[in-house]
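This report concerns only the one structure given below.
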There are 2 protein chains.
Amino acid sequence: MKDERREMNFILHPSSFCLWEILMSVLAETIANIQPLDDDAMNAARARQDQLTKPTGALGRLEALSIQIAGITRNARPRFKHPAIITMAGDHGVARQGVSAYPAEVTPQMVLNFLRGGAAINVLARHIGARVVVVDIGVASDLPAHPDLVSRKIAHGTRDFSIGPAMTRDDARRALEAGIEIVTREISRGADIIGTGDMGIGNTTPSSAIVAAITRRAVKDVTGRGTGVDDAGLARKIATIERALALNKPNPNDALDVLSDVGGFEIGGLAGVMIGAAARRVPVVIDGFISGAAALIAYGLAPAVQPYLIAAHRSVEIGHRATLDYLRLDPLLDLDLRLGEGTGAALGISICIAACKILDEMATFGEAGVAEKSE
Amino acid sequence: MKDERREMNFILHPSSFCLWEILMSVLAETIANIQPLDDDAMNAARARQDQLTKPTGALGRLEALSIQIAGITRNARPRFKHPAIITMAGDHGVARQGVSAYPAEVTPQMVLNFLRGGAAINVLARHIGARVVVVDIGVASDLPAHPDLVSRKIAHGTRDFSIGPAMTRDDARRALEAGIEIVTREISRGADIIGTGDMGIGNTTPSSAIVAAITRRAVKDVTGRGTGVDDAGLARKIATIERALALNKPNPNDALDVLSDVGGFEIGGLAGVMIGAAARRVPVVIDGFISGAAALIAYGLAPAVQPYLIAAHRSVEIGHRATLDYLRLDPLLDLDLRLGEGTGAALGISICIAACKILDEMATFGEAGVAEKSE
């Protein structure tokens with residue numbers, strides 16, 4: 001199962017040019033395309049913020065956010081017209097260990113709910129004027145074809161990682177590359193700011209496993225109640241993750257290994273979305289705990305992705321704090337959300353757009369004829 | 001200056017019906033009209049939240065907010081079409097004590113900026129689809145007539161409260177009643193959710209004085225840098241407030257006395273807006289520190305106003321925490337804002353609208369054919 005690890009490490013740390021070329025995959029190529037934020041755009045945005053008719057810094061994080069986004073987009077006055085939330089759905093073999101409060105058939109039922117516009121993410125996407133891109137990247141059942149459903153199924157759910165790896169290393173890379181391809185296509189069609197979202201009964205379990213593996217925290221410290229398991233369910237969930245980590249031994253320095261050992265297809269796909277968006281200089285607003293686990297995978301594969309990520313909110317899930325700390329991300333909102341789907345990301349995108357409108361639309365002291373600070 | 005105190009206490013605690021009728025003022029009548037939240041609407045909203053296609057409680061504060069707003073509006077599925085932000089401007093005699101980083105002429109200059117649409121509040125109001133109602137309730141200079149300027153000037157700025165009361169008790173009540181009349185007119189024209197905002201160079205000084213007087217905290221613990229005074233300015237500001245409180249001796253149990261001794265016209269006006277909105281069962285999203293001080297006045301006059309108030313954000317101003325604690329309000333956002341104008345309120349209104357759309361638009365488990373929790 002772990003046969004490709006050497007190859008992947010090689011791709012990330014090339015020492016032989018010839019082999020590098022041969023092995024150049026979509027993933028490696030995309031990672032190689034991620035550039036640092038643009039200093040010139042950030043300096044210009046900062047200078048403009050200081051000339052707008054308000055005390056310097058009085059809009060706090062909105063100002064910092066607009067400057068970061070200027071650096072991401074290489075545009076001193078970024079504007080957004082087409083937000084898109086990419087919500088990826090997948091099932092989890094480990095769900096049969098009784099780690100969720102909901103039965104697995106809810107995953108496809110909720111995908112249909114997304115397609116009919118009745119879920120929370122649809123409501124919040126409409127509220128902010130965003131498109132929802134619904135992706136089947138690994139739902140266990142076959143979904144009916146639908147014009148708005150992006151079908152990129154890697155497999156019918158992951159394998160139960162409490163008895164072996166969740167997926168092959170090849171499938172982990174396929175999930176990442178599916179995410180890259182989907183976000184690249186959306187950006188080509190005009191999407192200019194991306195939110196991430198997830199659906200998958202049981203997926204706080206792989207997320208906690210990833211967080212424990214990568215941040216090296218104790219499983220019990222990063223495992224919560226998900227959709228609402230009781231005390232017995234929580235104990236079962238912790239024991240299952242501990243067993244899986246002992247069995248599969250994911251290598252914390254090899255994010256592809258962590259993803260294949262204890263991950264999920266939607267988690268890999270979302271990590272690919274983050275990498276793909278960063279490579280195209282498009283800001284990615286990450287949702288809650290599952291998106292946070294995906295961000296750990298993306299960051300492990302491509303540390304340069306970090307400044308392109310904007311954390312929408314702090315989830316109720318206890319492992320989310322450790323995730324955000326590890327990623328050095330400060331969430332915009334703290335509203336006790338724990339739904340996923342991209343709901344927090346939608347609210348976060350609205351704040352990003354507001355921050356950029358402030359930068360672009362406000363009058364300067366000179367334009368408005370307003371006196372500056374007396375000192 | 002304090003000749004009317006007995007009358008006001010009487011109005012709030014009527015013991016003689018005849019005199020009560022004679023003295024029945026707009027303020028007293030409006031306060032008497034504030035009803036408790038509607039339990040039936042809240043219960044219906046709560047029951048619906050629990051049937052929507054998400055784990056119970058998974059949308060955290062959005063759910064609680066929608067239930068509160070159902071109770072405010074007496075509508076189990078409230079919708080908002082016409083948000084309005086009422087931004088009141090006034091000047092402060094105490095500004096000549098050197099308590100602000102900006103010269104006083106910025107107040108009228110910013111009012112003109114509001115009217116031209118170039119200020120932060122205009123940008124954020126457009127972002128959320130809200131009207132900005134700009135009110136001159138006590139700017140020191142005469143502003144040119146403008147079709148969008150509501151002129152309700154009580155006086156040309158307050159008096160310097162470091163040498164005597166800021167305003168007469170009569171003027172304090174006029175400011176409150178102006179707020180009530182303005183919000184009532186806006187509601188009659190269709191406004192269905194109200195945000196509060198302020199403009200007034202020097203107005204963190206009266207706000208800190210009000211917070212110190214009502215919460216009985218030490219002045220230094222509730223006084224911050226406002227628009228950005230330096231250390232010497234901050235020391236001067238604290239000393240000025242301490243002197244004013246020692247001189248005017250505002251009675252913490254008589255909010256009208258506090259307002260007239262150390263308040264401001266825009267602060268009184270905004271307190272009136274809160275009372276007027278509550279009496280009409282319209283939610284009021286309060287902005288930062290100055291609106292918080294106004295809320296202390298409103299709450300002091302009419303404790304029943306409390307459940308109608310929604311705190312948009314936690315300001316950087318250190319006295320805001322004590323204010324929100326006293327009012328038992330938990331802010332929705334914490335984005336290091338300290339601008340005022342209603343900027344935080346605009347972002348908060350957007351979250352209130354989102355919360356109510358969730359309640360109204362999401363599919364139920366039954367409608368969507370989604371399985372419920374397995375327990």
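Each chain of the structure tokens is named A, B, ... in the order shown, its residues numbered from 1; ligands are numbered from 1 in display order.
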
Subject >> chain B residues near chain A (8 Å cut-off, only C-alpha atoms) as a ChimeraX atom specification >> reply: /B:53-55,58-62,101-103,105-106,109-110,113,118-120,123-124,127,227-228,332-339,347,351,354,357-358,361-363,368-375

**OP:** Determine, counting only C-alpha atoms, which protein, DNA and RNA residues have an atom within 9 Å of an atom of Leu27 in chain B; residues of the same chain fewer than 6 positions away are not included. Present the result as a ChimeraX atom specification.
**Re:** /B:173,176-177,180,272,275-276

Please produce a file of those selected residues containing N, CA, C and O atoms, as an mmCIF file, in the first residue's frame.
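Once written, result33.cif looks like this:
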data_model
loop_
_atom_site.group_PDB
_atom_site.id
_atom_site.type_symbol
_atom_site.label_atom_id
_atom_site.label_comp_id
_atom_site.auth_asym_id
_atom_site.auth_seq_id
_atom_site.Cartn_x
_atom_site.Cartn_y
_atom_site.Cartn_z
ATOM 1 N N ARG B 173 -33.827 64.310 27.222
ATOM 2 C CA ARG B 173 -35.074 63.655 26.824
ATOM 3 C C ARG B 173 -35.415 63.966 25.367
ATOM 4 O O ARG B 173 -35.902 63.108 24.638
ATOM 5 N N LEU B 176 -33.481 61.566 23.236
ATOM 6 C CA LEU B 176 -34.110 60.239 23.271
ATOM 7 C C LEU B 176 -35.357 60.218 22.394
ATOM 8 O O LEU B 176 -35.575 59.275 21.614
ATOM 9 N N GLU B 177 -36.166 61.251 22.517
ATOM 10 C CA GLU B 177 -37.419 61.270 21.754
ATOM 11 C C GLU B 177 -37.164 61.459 20.258
ATOM 12 O O GLU B 177 -37.901 60.925 19.426
ATOM 13 N N ILE B 180 -36.506 58.027 19.082
ATOM 14 C CA ILE B 180 -37.761 57.269 18.990
ATOM 15 C C ILE B 180 -38.531 57.678 17.734
ATOM 16 O O ILE B 180 -39.013 56.830 16.974
ATOM 17 N N GLY B 272 -32.687 56.188 22.196
ATOM 18 C CA GLY B 272 -34.085 56.333 21.770
ATOM 19 C C GLY B 272 -34.425 55.401 20.620
ATOM 20 O O GLY B 272 -35.517 54.806 20.583
ATOM 21 N N ILE B 275 -35.052 51.983 22.098
ATOM 22 C CA ILE B 275 -36.341 51.922 22.803
ATOM 23 C C ILE B 275 -37.493 51.933 21.791
ATOM 24 O O ILE B 275 -38.441 51.137 21.901
ATOM 25 N N GLY B 276 -37.378 52.789 20.784
ATOM 26 C CA GLY B 276 -38.441 52.894 19.781
ATOM 27 C C GLY B 276 -38.583 51.626 18.953
ATOM 28 O O GLY B 276 -39.701 51.187 18.640
#

**OP:** Excluding Pro283 in chain B and any residue of its chain fewer than 5 positions from it, enumerate the residues within 8 Å of it, using only C-alpha atoms, and give them as a PyMOL selection string.
**Re:** chain B and resi 69+72-73+192-194+277-278+308-310

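Taking CA of Arg328 in chain B and CA of Ser291 in chain B as the two end points, the separation is 14.8 Å.
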
Original post:
Do you know which residues are at most 12 Å from Tyr299 in chain A counting only C-alpha atoms, after dropping those on the same chain fewer than 2 positions away, and could you put them as a VMD selection string?
Top reply: chain A and resid 31 34 214 to 215 252 to 256 268 270 to 272 274 to 275 278 291 to 297 301 to 309 323 to 324 326 to 329

**OP:** Find the residues near Leu259 in chain A: any atom within 9 Å, counting only C-alpha atoms, skip ones fewer than 5 places away on the same chain, and give them as number ranges by chain.
**Re:** A: 166-167, 169, 172, 206, 210, 250, 254, 264-265, 267-268, 294, 297
